[in-house]
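Q: What follows is entry-v7.cif; its format and atoms are mmCIF, C-alpha atoms.
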```cif
data_model
#
loop_
_atom_site.label_atom_id
_atom_site.label_comp_id
_atom_site.auth_asym_id
_atom_site.auth_seq_id
_atom_site.Cartn_x
_atom_site.Cartn_y
_atom_site.Cartn_z
CA MET A 1 -18.87 -56.75 41.42
CA ILE A 2 -15.12 -57.08 41.03
CA VAL A 3 -13.34 -54.01 42.38
CA ALA A 4 -9.97 -52.88 41.04
CA LYS A 5 -7.60 -50.01 41.62
CA ALA A 6 -5.35 -48.19 39.14
CA LYS A 7 -1.67 -49.10 39.12
CA ASP A 8 1.05 -46.45 39.28
CA ILE A 9 1.63 -45.25 35.71
CA ASN A 10 5.39 -45.62 36.08
CA GLU A 11 5.00 -49.28 37.09
CA ILE A 12 3.18 -49.86 33.80
CA ALA A 13 5.60 -47.72 31.77
CA ASP A 14 8.56 -49.75 33.10
CA LYS A 15 7.10 -52.85 31.43
CA LEU A 16 6.66 -51.15 28.05
CA ALA A 17 10.34 -50.55 27.27
CA GLY A 18 11.20 -51.71 23.76
CA TYR A 19 7.64 -51.85 22.44
CA GLY A 20 6.65 -49.53 19.58
CA LYS A 21 2.92 -50.08 19.36
CA ILE A 22 0.94 -50.27 22.57
CA LEU A 23 -2.79 -50.73 23.14
CA VAL A 24 -4.49 -49.70 26.37
CA ALA A 25 -7.62 -51.84 26.60
CA GLY A 26 -10.38 -50.91 29.03
CA CYS A 27 -13.33 -53.00 30.15
CA ALA A 28 -16.77 -51.41 30.37
CA THR A 29 -18.22 -53.63 33.10
CA CYS A 30 -17.00 -54.04 36.73
CA VAL A 31 -13.84 -51.92 36.44
CA ALA A 32 -15.83 -49.16 34.76
CA GLU A 33 -18.28 -49.20 37.67
CA CYS A 34 -15.44 -48.85 40.18
CA MET A 35 -13.76 -46.19 38.02
CA ALA A 36 -10.51 -48.10 37.52
CA GLY A 37 -10.64 -49.33 33.94
CA GLY A 38 -13.65 -48.00 32.02
CA GLU A 39 -13.57 -45.81 28.94
CA LYS A 40 -12.68 -42.66 30.88
CA GLU A 41 -9.87 -44.31 32.85
CA THR A 42 -8.58 -45.91 29.66
CA ALA A 43 -8.23 -42.46 28.08
CA ILE A 44 -6.48 -41.13 31.20
CA THR A 45 -4.08 -44.08 31.35
CA ALA A 46 -3.28 -43.85 27.64
CA SER A 47 -2.61 -40.11 27.84
CA ALA A 48 -0.43 -40.50 30.94
CA LEU A 49 1.49 -43.37 29.31
CA ARG A 50 2.10 -41.37 26.14
CA MET A 51 3.63 -38.61 28.25
CA ALA A 52 5.55 -41.00 30.51
CA LEU A 53 7.07 -42.81 27.54
CA LYS A 54 7.92 -39.57 25.74
CA LEU A 55 9.73 -38.30 28.84
CA ARG A 56 11.76 -41.54 28.74
CA GLY A 57 12.64 -40.92 25.09
CA ASN A 58 10.33 -43.68 23.87
CA GLN A 59 8.27 -42.52 20.89
CA ALA A 60 5.91 -45.51 21.04
CA GLU A 61 2.41 -45.25 19.59
CA VAL A 62 -0.18 -45.69 22.35
CA ASN A 63 -3.74 -46.40 21.23
CA GLU A 64 -6.82 -47.08 23.32
CA ILE A 65 -10.02 -49.08 23.11
CA THR A 66 -12.62 -50.31 25.56
CA ALA A 67 -14.28 -53.71 25.29
CA GLU A 68 -17.73 -54.30 26.69
CA ARG A 69 -16.15 -57.13 28.72
CA GLN A 70 -12.75 -58.80 28.61
CA CYS A 71 -14.03 -61.96 30.30
CA GLU A 72 -16.37 -63.11 27.50
CA TRP A 73 -14.95 -64.65 24.33
CA GLU A 74 -17.56 -63.04 22.09
CA LEU A 75 -16.93 -59.58 23.50
CA ILE A 76 -13.14 -59.96 23.39
CA GLU A 77 -13.51 -60.76 19.68
CA GLU A 78 -14.90 -57.27 19.10
CA ILE A 79 -11.50 -55.72 19.87
CA ALA A 80 -9.41 -58.42 18.18
CA THR A 81 -8.33 -56.19 15.26
CA GLN A 82 -6.89 -53.54 17.57
CA VAL A 83 -5.24 -56.15 19.81
CA ASN A 84 -3.68 -57.90 16.82
CA GLU A 85 -2.22 -54.62 15.56
CA ALA A 86 -0.53 -53.91 18.90
CA GLU A 87 2.80 -55.35 20.07
CA ILE A 88 1.67 -55.33 23.70
CA VAL A 89 -1.63 -54.68 25.48
CA VAL A 90 -2.12 -52.96 28.82
CA SER A 91 -5.39 -54.40 30.06
CA LEU A 92 -7.38 -52.33 32.53
CA ALA A 93 -9.73 -55.26 33.14
CA CYS A 94 -9.66 -57.32 36.33
CA GLY A 95 -7.37 -60.33 36.58
CA VAL A 96 -10.02 -62.47 34.90
CA GLY A 97 -9.98 -60.18 31.87
CA VAL A 98 -6.19 -60.21 31.69
CA ALA A 99 -6.22 -64.04 31.88
CA CYS A 100 -8.86 -64.39 29.16
CA MET A 101 -7.14 -61.89 26.87
CA SER A 102 -3.79 -63.65 27.38
CA GLU A 103 -5.36 -66.99 26.49
CA ARG A 104 -7.17 -65.64 23.42
CA PHE A 105 -4.22 -63.70 22.01
CA GLU A 106 -1.32 -66.02 22.95
CA PRO A 107 1.62 -65.30 22.57
CA LYS A 108 0.96 -61.56 22.64
CA PRO A 109 1.90 -60.01 26.00
CA ILE A 110 -1.14 -58.73 27.90
CA ILE A 111 -0.07 -56.91 31.04
CA PRO A 112 -2.30 -55.69 33.91
CA GLY A 113 -2.87 -51.96 34.27
CA VAL A 114 -4.93 -52.27 37.45
CA ASN A 115 -4.75 -54.28 40.65
CA THR A 116 -7.81 -56.44 41.26
CA VAL A 117 -8.56 -55.98 44.93
CA PHE A 118 -11.86 -57.54 46.03
CA LEU A 119 -15.51 -58.41 45.46
CA GLY A 120 -17.57 -55.57 46.77
CA HIS A 121 -19.98 -52.78 46.17
CA ARG A 122 -20.13 -49.00 45.95
CA GLU A 123 -21.16 -47.85 49.41
CA LYS A 124 -21.40 -44.23 48.28
CA ALA A 125 -19.86 -42.07 45.55
CA GLY A 126 -16.12 -42.66 45.54
CA LEU A 127 -16.14 -45.44 48.16
CA TRP A 128 -16.10 -49.19 47.46
CA MET A 129 -16.16 -51.81 50.22
CA GLU A 130 -15.31 -55.51 50.31
CA ARG A 131 -18.35 -57.70 50.94
CA CYS A 132 -17.56 -61.23 49.68
CA ALA A 133 -14.44 -63.40 49.71
CA ALA A 134 -15.77 -65.99 47.20
CA CYS A 135 -15.08 -68.78 49.73
CA GLY A 136 -17.28 -71.24 47.85
CA ASP A 137 -19.53 -72.11 50.82
CA CYS A 138 -21.83 -69.21 51.63
CA THR A 139 -23.32 -69.21 55.14
CA VAL A 140 -24.42 -65.58 55.51
CA ASP A 141 -27.98 -66.79 56.21
CA ARG A 142 -26.67 -67.44 59.73
CA THR A 143 -25.04 -64.03 60.07
CA GLY A 144 -27.76 -61.74 58.77
CA GLY A 145 -26.20 -61.29 55.34
CA ILE A 146 -22.89 -59.99 56.73
CA CYS A 147 -19.96 -62.13 55.66
CA PRO A 148 -17.51 -62.86 58.50
CA VAL A 149 -15.00 -64.31 56.01
CA ALA A 150 -14.77 -61.07 54.03
CA ARG A 151 -15.41 -58.53 56.74
CA CYS A 152 -13.75 -59.94 59.87
CA ALA A 153 -9.98 -59.39 59.78
CA LYS A 154 -9.54 -62.92 61.21
CA SER A 155 -12.42 -64.45 59.20
CA LEU A 156 -13.75 -65.79 62.50
CA GLN A 157 -16.71 -68.15 62.29
CA ASN A 158 -17.63 -67.49 65.93
CA GLY A 159 -17.03 -63.93 67.03
CA PRO A 160 -16.35 -61.34 68.10
CA CYS A 161 -12.79 -61.70 69.33
CA GLY A 162 -11.27 -59.72 72.20
CA GLY A 163 -10.08 -57.08 69.75
CA SER A 164 -13.58 -55.70 69.20
CA ASN A 165 -13.86 -52.28 70.82
CA ASP A 166 -16.95 -50.05 70.64
CA GLY A 167 -17.96 -51.75 67.41
CA LYS A 168 -14.57 -51.26 65.80
CA CYS A 169 -11.83 -53.73 64.87
CA GLU A 170 -8.46 -53.76 66.61
CA ILE A 171 -6.65 -53.57 63.26
CA ASP A 172 -7.95 -50.06 62.57
CA PRO A 173 -10.42 -47.82 64.41
CA ASP A 174 -11.98 -46.95 61.03
CA VAL A 175 -12.85 -50.61 60.36
CA ASP A 176 -16.16 -51.90 61.67
CA CYS A 177 -16.06 -55.11 63.71
CA ALA A 178 -17.93 -57.56 61.46
CA TRP A 179 -19.19 -59.53 64.45
CA HIS A 180 -20.51 -56.39 66.12
CA LEU A 181 -22.44 -55.69 62.91
CA ILE A 182 -23.66 -59.29 62.76
CA ILE A 183 -24.98 -59.19 66.32
CA GLU A 184 -26.72 -55.85 65.73
CA ARG A 185 -28.26 -57.15 62.49
CA LEU A 186 -29.47 -60.37 64.10
CA LYS A 187 -30.96 -58.38 66.99
CA ALA A 188 -32.87 -56.26 64.48
CA MET A 189 -34.04 -59.43 62.72
CA GLY A 190 -35.02 -61.13 66.01
CA LYS A 191 -32.65 -63.96 65.11
CA LEU A 192 -30.00 -63.66 67.79
CA GLU A 193 -30.58 -67.32 68.63
CA ASN A 194 -28.72 -68.10 65.38
CA LEU A 195 -25.55 -67.60 67.38
CA LYS A 196 -26.40 -70.02 70.18
CA GLU A 197 -24.93 -72.89 68.22
CA ASN A 198 -21.20 -72.96 67.79
CA THR A 199 -20.18 -73.02 64.13
CA PRO A 200 -17.67 -75.82 63.43
CA PRO A 201 -14.36 -75.00 61.74
CA LYS A 202 -14.90 -73.97 58.14
CA ASN A 203 -13.89 -76.34 55.37
CA TRP A 204 -11.62 -74.13 53.31
CA ALA A 205 -11.34 -76.73 50.54
CA THR A 206 -14.16 -74.93 48.73
CA SER A 207 -12.10 -71.76 48.84
CA ARG A 208 -8.66 -71.12 47.30
CA ASP A 209 -7.14 -73.71 49.62
CA GLY A 210 -8.66 -76.42 47.45
CA GLY A 211 -6.85 -75.16 44.37
CA PRO A 212 -8.36 -73.53 41.25
CA ARG A 213 -12.14 -73.98 41.18
CA LYS A 214 -14.61 -74.55 38.40
CA VAL A 215 -18.35 -74.61 37.94
CA VAL A 216 -19.98 -76.97 35.46
CA ILE A 217 -23.62 -76.92 34.36
CA GLU A 218 -24.04 -80.12 32.36
CA ASP A 219 -27.13 -79.20 30.40
CA VAL A 220 -25.45 -76.06 29.10
CA GLU A 221 -21.93 -77.41 28.68
CA GLU A 222 -20.85 -77.98 25.06
CA MET B 1 -5.26 -8.89 28.85
CA SER B 2 -7.79 -8.40 26.09
CA ALA B 3 -9.63 -10.47 23.54
CA ASN B 4 -9.06 -7.52 21.21
CA ASN B 5 -5.34 -8.19 21.38
CA PRO B 6 -5.33 -11.84 20.48
CA ALA B 7 -2.32 -14.07 20.22
CA PRO B 8 -1.98 -16.49 17.32
CA ASP B 9 -4.31 -19.48 17.66
CA LYS B 10 -1.34 -21.81 18.02
CA PRO B 11 1.24 -20.84 20.61
CA GLY B 12 4.28 -21.50 18.42
CA ASN B 13 7.50 -21.66 20.40
CA GLY B 14 6.38 -19.54 23.34
CA LEU B 15 4.90 -20.64 26.63
CA TYR B 16 1.32 -21.84 26.44
CA LEU B 17 -1.21 -22.05 29.26
CA VAL B 18 -4.66 -23.60 29.05
CA ALA B 19 -6.76 -21.79 31.65
CA PHE B 20 -10.04 -23.35 32.77
CA CYS B 21 -12.30 -21.05 34.68
CA CYS B 22 -15.68 -21.45 36.36
CA ALA B 23 -18.20 -19.19 34.62
CA ASN B 24 -19.67 -18.26 37.99
CA SER B 25 -16.36 -17.09 39.39
CA SER B 26 -15.75 -14.33 36.87
CA SER B 27 -18.01 -12.58 34.38
CA LYS B 28 -14.85 -11.58 32.54
CA ALA B 29 -14.00 -15.25 32.04
CA THR B 30 -17.40 -15.81 30.46
CA GLU B 31 -16.80 -12.85 28.17
CA LEU B 32 -13.41 -14.23 27.14
CA SER B 33 -14.42 -17.88 26.84
CA LYS B 34 -12.45 -19.69 24.15
CA ALA B 35 -10.36 -16.54 23.57
CA VAL B 36 -6.62 -16.83 23.03
CA PHE B 37 -4.54 -13.91 24.24
CA GLU B 38 -1.16 -13.08 25.68
CA VAL B 39 -0.27 -12.15 29.24
CA GLU B 40 3.34 -11.29 30.10
CA GLY B 41 4.55 -13.19 27.05
CA VAL B 42 2.54 -16.35 27.82
CA THR B 43 -0.15 -17.40 25.36
CA ILE B 44 -3.32 -18.24 27.22
CA ARG B 45 -6.35 -20.12 25.98
CA LEU B 46 -9.23 -19.49 28.34
CA VAL B 47 -11.93 -22.13 28.58
CA THR B 48 -15.00 -21.35 30.64
CA LEU B 49 -16.78 -24.18 32.45
CA ALA B 50 -20.35 -24.17 33.74
CA CYS B 51 -18.84 -25.21 37.09
CA SER B 52 -15.20 -25.92 37.92
CA SER B 53 -16.23 -29.50 38.79
CA LYS B 54 -16.91 -30.03 35.06
CA LEU B 55 -13.14 -30.28 34.68
CA GLU B 56 -12.01 -33.85 34.09
CA ILE B 57 -8.55 -35.22 34.82
CA LEU B 58 -8.30 -36.05 31.14
CA HIS B 59 -8.70 -32.34 30.24
CA VAL B 60 -5.57 -31.57 32.25
CA LEU B 61 -3.56 -34.48 30.86
CA ARG B 62 -4.59 -33.98 27.23
CA ALA B 63 -3.77 -30.26 27.39
CA LEU B 64 -0.26 -31.04 28.64
CA GLU B 65 0.13 -33.94 26.21
CA THR B 66 -0.83 -31.83 23.21
CA GLY B 67 1.42 -28.84 23.80
CA ALA B 68 0.45 -26.84 26.86
CA ASP B 69 3.29 -25.89 29.20
CA GLY B 70 0.81 -25.44 32.01
CA VAL B 71 -2.84 -25.88 32.90
CA GLY B 72 -4.77 -23.76 35.36
CA LEU B 73 -8.15 -24.00 37.02
CA TRP B 74 -9.81 -21.05 38.62
CA THR B 75 -12.77 -21.82 40.83
CA CYS B 76 -15.24 -19.97 43.02
CA PRO B 77 -14.38 -19.86 46.73
CA ALA B 78 -15.38 -23.28 48.14
CA LYS B 79 -18.13 -21.81 50.33
CA ALA B 80 -19.56 -19.77 47.45
CA CYS B 81 -19.94 -22.61 44.92
CA LYS B 82 -23.35 -22.29 43.25
CA PHE B 83 -23.57 -26.08 43.03
CA GLY B 84 -22.48 -26.80 46.60
CA ARG B 85 -19.35 -28.94 46.34
CA GLY B 86 -18.12 -28.02 42.85
CA SER B 87 -14.97 -26.18 43.90
CA ILE B 88 -14.06 -28.88 46.43
CA ARG B 89 -14.59 -31.64 43.87
CA ALA B 90 -12.56 -29.72 41.27
CA GLY B 91 -9.74 -29.27 43.77
CA LYS B 92 -9.64 -33.01 44.45
CA ARG B 93 -9.60 -33.73 40.73
CA ILE B 94 -6.63 -31.39 40.31
CA GLU B 95 -4.89 -33.25 43.15
CA ARG B 96 -5.38 -36.55 41.31
CA ALA B 97 -4.09 -35.08 38.06
CA ARG B 98 -1.03 -33.77 39.91
CA ARG B 99 -0.41 -37.21 41.44
CA ILE B 100 -0.41 -38.77 37.97
CA LEU B 101 2.04 -36.13 36.74
CA ASP B 102 4.29 -36.77 39.74
CA GLN B 103 4.23 -40.48 38.88
CA ILE B 104 5.37 -39.91 35.31
CA GLY B 105 7.98 -37.32 36.23
CA LEU B 106 6.32 -34.21 34.79
CA GLU B 107 6.36 -31.36 37.32
CA SER B 108 2.93 -31.21 38.94
CA LYS B 109 3.49 -27.52 39.69
CA ARG B 110 2.62 -26.97 36.04
CA VAL B 111 -0.98 -27.45 37.16
CA PHE B 112 -2.29 -24.34 38.86
CA LEU B 113 -5.33 -24.07 41.10
CA ALA B 114 -6.72 -20.94 42.68
CA GLU B 115 -9.96 -19.37 43.78
CA LEU B 116 -11.36 -16.18 42.27
CA ASN B 117 -13.46 -13.63 44.02
CA PRO B 118 -16.60 -13.29 41.84
CA ASP B 119 -17.10 -9.73 43.13
CA ASP B 120 -13.68 -8.58 41.98
CA GLU B 121 -13.38 -8.19 38.22
CA LYS B 122 -9.64 -7.59 38.50
CA ASP B 123 -9.08 -10.93 40.23
CA LEU B 124 -8.83 -12.89 36.98
CA ASP B 125 -6.34 -10.40 35.50
CA GLU B 126 -4.18 -10.67 38.60
CA ALA B 127 -4.43 -14.48 38.70
CA LEU B 128 -3.39 -14.83 35.08
CA LYS B 129 -0.51 -12.37 35.50
CA GLN B 130 0.75 -14.24 38.54
CA THR B 131 0.43 -17.60 36.78
CA ALA B 132 2.19 -16.24 33.68
CA ALA B 133 5.09 -15.17 35.91
CA GLU B 134 5.25 -18.64 37.49
CA MET B 135 5.09 -20.25 34.04
CA THR B 136 8.02 -18.12 32.91
CA LYS B 137 10.05 -19.40 35.88
CA LEU B 138 9.15 -23.01 35.03
CA GLY B 139 9.95 -22.63 31.35
CA LYS B 140 8.88 -24.99 28.59
CA SER B 141 7.38 -28.37 29.29
CA PRO B 142 9.96 -31.16 29.05
CA LEU B 143 7.51 -32.87 26.70
CA LYS B 144 8.36 -30.21 24.09
CA THR B 145 12.10 -30.74 24.13
#
```
I'd like the structure from this file rewritten - as structure tokens, please.
A:
Amino acid sequence: MIVAKAKDINEIADKLAGYGKILVAGCATCVAECMAGGEKETAITASALRMALKLRGNQAEVNEITAERQCEWELIEEIATQVNEAEIVVSLACGVGVACMSERFEPKPIIPGVNTVFLGHREKAGLWMERCAACGDCTVDRTGGICPVARCAKSLQNGPCGGSNDGKCEIDPDVDCAWHLIIERLKAMGKLENLKENTPPKNWATSRDGGPRKVVIEDVEE
Amino acid sequence: MSANNPAPDKPGNGLYLVAFCCANSSSKATELSKAVFEVEGVTIRLVTLACSSKLEILHVLRALETGADGVGLWTCPAKACKFGRGSIRAGKRIERARRILDQIGLESKRVFLAELNPDDEKDLDEALKQTAAEMTKLGKSPLKT
């Protein structure tokens, strides 16, 4: 899922100067799962913003609503009335949600209330970890399901580097060395021979380096 | 402190504290749940929780937003929590609420956190008296002015 993190309330409040009717819009999918922008966080953000604005002498009305998803046109439509009534929207969805809302409600300002940080999963209660970098050319079959692009600090295709120490990365002793994990996983799978062949340099054109990407499925496309 | 000597339901112009208390930390708190009373000139609304970890950050924020000058949470000692990690979790939630208040410029010291000794009936009285004194020093919430 997409993992996001709450922004500082003051950073959001700074962008609301001059607006009288504000809507805080949550998203009940990924950002709810990572506890950054679901219904509960939307209520917290709205309450904190009401207080922050009042302390600044701004008597703006701050309302709140949570969409099932802000990245689906049909589901955005369900909150259209509330969005149309607002002068500005603080979206607690990921960057995709903010982009879709901005496109749907142009020219209304839709500003982000969270920082979208990575694609990952909930490792345990209160802890989310990055697991995929959406590079567009998945090769984790070779590395036992562990992504060296997302989990190696250098995104090495042939590792580990000399900075691996007791299974930890040189950037931080709390960070696992992805290549140490890969080797241990392949040993457990009996597939260590996967690493005998050198992997050629990765073609990053399928990643962000190739510009904005799109996926088309012709038989579904309208 | 007595439920027989209640303060008006709405605090009016005086100082107002919303006091959350774990039901397991004080039988007196359970007895006074939802009561509104005065301690040292501070109106206190006591809300008993099944465990202090039932407190949500939103409870703290909404109380301050809607007229409380302070919010307190009284928990069991961490090692005595009936549910294991309830007091620890509640403490961390209070820390997060305080961080949000610091961000917006509302004094986070308006949020009180302390442990009660479940074996000492007078502990709650003392805690509320002490908090009322601290509230008096802090004065009204800037949100009310």
Q: Provide as a ChimeraX atom specification the residues of chain A at most 6 Å from chain B, counting all atoms listed in the file.
A: /A:10,44,52
Q: Measuring atom to atom with all atoms listed in the file, identify which of B:Ser33, B:Arg45, B:Leu116, B:Val111 is nearest to B:Ala78.
A: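 Once distances to B:Ala78 are computed over all atoms listed in the file, the minimum belongs to B:Leu116.
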Q: Report as a PDB file with C-alpha atoms, keeping the file's coordinate frame all protein, DNA and RNA residues lying within 12 Å of A:Glu193, evaluated on all atoms listed in the file, omitting residues in the same chain fewer than 4 positions from it.
A:
```pdb
ATOM      1  CA  ARG A 142     -26.670 -67.440  59.730  1.00  0.00           C
ATOM      2  CA  THR A 143     -25.040 -64.030  60.070  1.00  0.00           C
ATOM      3  CA  GLY A 144     -27.760 -61.740  58.770  1.00  0.00           C
ATOM      4  CA  ILE A 183     -24.980 -59.190  66.320  1.00  0.00           C
ATOM      5  CA  LEU A 186     -29.470 -60.370  64.100  1.00  0.00           C
ATOM      6  CA  LYS A 187     -30.960 -58.380  66.990  1.00  0.00           C
ATOM      7  CA  MET A 189     -34.040 -59.430  62.720  1.00  0.00           C
ATOM      8  CA  GLU A 197     -24.930 -72.890  68.220  1.00  0.00           C
ATOM      9  CA  ASN A 198     -21.200 -72.960  67.790  1.00  0.00           C
TER      10      ASN A 198
END
```
Q: Rank nothing, just name the residue among A:Leu119, A:Ala28, A:Leu127, A:Val98 nearest to A:Lys40, using only C-alpha atoms.
A: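 Of A:Leu119, A:Ala28, A:Leu127, A:Val98, the one nearest A:Lys40, counting only C-alpha atoms, is A:Ala28.
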Q: Could you name the residues that touch stretch 15-21 of chain B at 10 Å or less, counting only C-alpha atoms, but leaving out those on the same chain fewer than 5 positions away, as an mmCIF file with C-alpha atoms, in the coordinates of the input?
A:
```cif
data_model
loop_
_atom_site.group_PDB
_atom_site.id
_atom_site.type_symbol
_atom_site.label_atom_id
_atom_site.label_comp_id
_atom_site.auth_asym_id
_atom_site.auth_seq_id
_atom_site.Cartn_x
_atom_site.Cartn_y
_atom_site.Cartn_z
ATOM 1 C CA LYS B 10 -1.340 -21.810 18.020
ATOM 2 C CA SER B 26 -15.750 -14.330 36.870
ATOM 3 C CA ALA B 29 -14.000 -15.250 32.040
ATOM 4 C CA THR B 30 -17.400 -15.810 30.460
ATOM 5 C CA SER B 33 -14.420 -17.880 26.840
ATOM 6 C CA LYS B 34 -12.450 -19.690 24.150
ATOM 7 C CA VAL B 36 -6.620 -16.830 23.030
ATOM 8 C CA GLU B 38 -1.160 -13.080 25.680
ATOM 9 C CA VAL B 39 -0.270 -12.150 29.240
ATOM 10 C CA GLY B 41 4.550 -13.190 27.050
ATOM 11 C CA VAL B 42 2.540 -16.350 27.820
ATOM 12 C CA THR B 43 -0.150 -17.400 25.360
ATOM 13 C CA ILE B 44 -3.320 -18.240 27.220
ATOM 14 C CA ARG B 45 -6.350 -20.120 25.980
ATOM 15 C CA LEU B 46 -9.230 -19.490 28.340
ATOM 16 C CA VAL B 47 -11.930 -22.130 28.580
ATOM 17 C CA THR B 48 -15.000 -21.350 30.640
ATOM 18 C CA LEU B 49 -16.780 -24.180 32.450
ATOM 19 C CA ALA B 50 -20.350 -24.170 33.740
ATOM 20 C CA CYS B 51 -18.840 -25.210 37.090
ATOM 21 C CA SER B 52 -15.200 -25.920 37.920
ATOM 22 C CA LYS B 54 -16.910 -30.030 35.060
ATOM 23 C CA LEU B 55 -13.140 -30.280 34.680
ATOM 24 C CA HIS B 59 -8.700 -32.340 30.240
ATOM 25 C CA VAL B 60 -5.570 -31.570 32.250
ATOM 26 C CA ALA B 63 -3.770 -30.260 27.390
ATOM 27 C CA LEU B 64 -0.260 -31.040 28.640
ATOM 28 C CA GLY B 67 1.420 -28.840 23.800
ATOM 29 C CA ALA B 68 0.450 -26.840 26.860
ATOM 30 C CA ASP B 69 3.290 -25.890 29.200
ATOM 31 C CA GLY B 70 0.810 -25.440 32.010
ATOM 32 C CA VAL B 71 -2.840 -25.880 32.900
ATOM 33 C CA GLY B 72 -4.770 -23.760 35.360
ATOM 34 C CA LEU B 73 -8.150 -24.000 37.020
ATOM 35 C CA TRP B 74 -9.810 -21.050 38.620
ATOM 36 C CA THR B 75 -12.770 -21.820 40.830
ATOM 37 C CA CYS B 76 -15.240 -19.970 43.020
ATOM 38 C CA ARG B 110 2.620 -26.970 36.040
ATOM 39 C CA VAL B 111 -0.980 -27.450 37.160
ATOM 40 C CA PHE B 112 -2.290 -24.340 38.860
ATOM 41 C CA LEU B 113 -5.330 -24.070 41.100
ATOM 42 C CA ALA B 114 -6.720 -20.940 42.680
ATOM 43 C CA GLU B 115 -9.960 -19.370 43.780
ATOM 44 C CA LEU B 116 -11.360 -16.180 42.270
ATOM 45 C CA LEU B 124 -8.830 -12.890 36.980
ATOM 46 C CA LEU B 128 -3.390 -14.830 35.080
ATOM 47 C CA THR B 131 0.430 -17.600 36.780
ATOM 48 C CA ALA B 132 2.190 -16.240 33.680
ATOM 49 C CA MET B 135 5.090 -20.250 34.040
ATOM 50 C CA THR B 136 8.020 -18.120 32.910
ATOM 51 C CA LEU B 138 9.150 -23.010 35.030
ATOM 52 C CA GLY B 139 9.950 -22.630 31.350
ATOM 53 C CA LYS B 140 8.880 -24.990 28.590
ATOM 54 C CA SER B 141 7.380 -28.370 29.290
#
```
Q: Using only C-alpha atoms, can you tell me which of B:Phe83, B:Ser25, B:Asp125, B:Ala133 comes closest to B:Phe37?
A: B:Asp125
Q: Record the distance separating atom CA of A:Asn115 and atom CA of A:Ile182, expressed in Å with one decimal.
A: 29.5 Å
Q: Which is closest to A:Asp8 among A:Glu123, A:Glu33, A:Glu184, A:Ala48, if we use all atoms listed in the file?
A: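 Result for the nearest residue to A:Asp8: A:Ala48.
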Q: From the options B:Lys92, B:Ser108, B:Ser87, B:Gln130, which residue's atoms come nearest to B:Cys22, counting all atoms listed in the file?
A: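 Residue with the minimum atom-to-atom distance to B:Cys22: B:Ser87.
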Q: Expand the PyMOL selection byres ((chain A and resi 175) around 12) into the explicit residue set it covers here, and present it as a ChimeraX atom specification.
A: /A:129-130,151-153,163-174,176-181
Q: Can you work out the spacing between atom CA of A:Cys27 and atom CA of A:Ala67 in Å, to one decimal?
A: 5.0 Å
Q: Env of stretch 104-113 of chain A: 9 Å cut, atoms = all atoms listed in the file, seq-sep filter 2 positions within chain, self excluded. Answer as a PyMOL selection string.
A: chain A and resi 5-9+11-12+15+24+37+45+73+76-77+80+83-84+86-95+98-102+115
Q: Which residues, written as a ChimeraX atom specification, have at least one atom at most 7 Å from A:Ala46, with all atoms listed in the file counted and residues fewer than 3 positions away on the same chain left out?
A: /A:24,42-43,49-50,62-64
Q: As an exercise, work out the distance from atom CA of A:Ile65 to atom CA of A:Gly26 in Å and give it to one decimal place.
A: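 Separation of atom CA of A:Ile65 and atom CA of A:Gly26: 6.2 Å.
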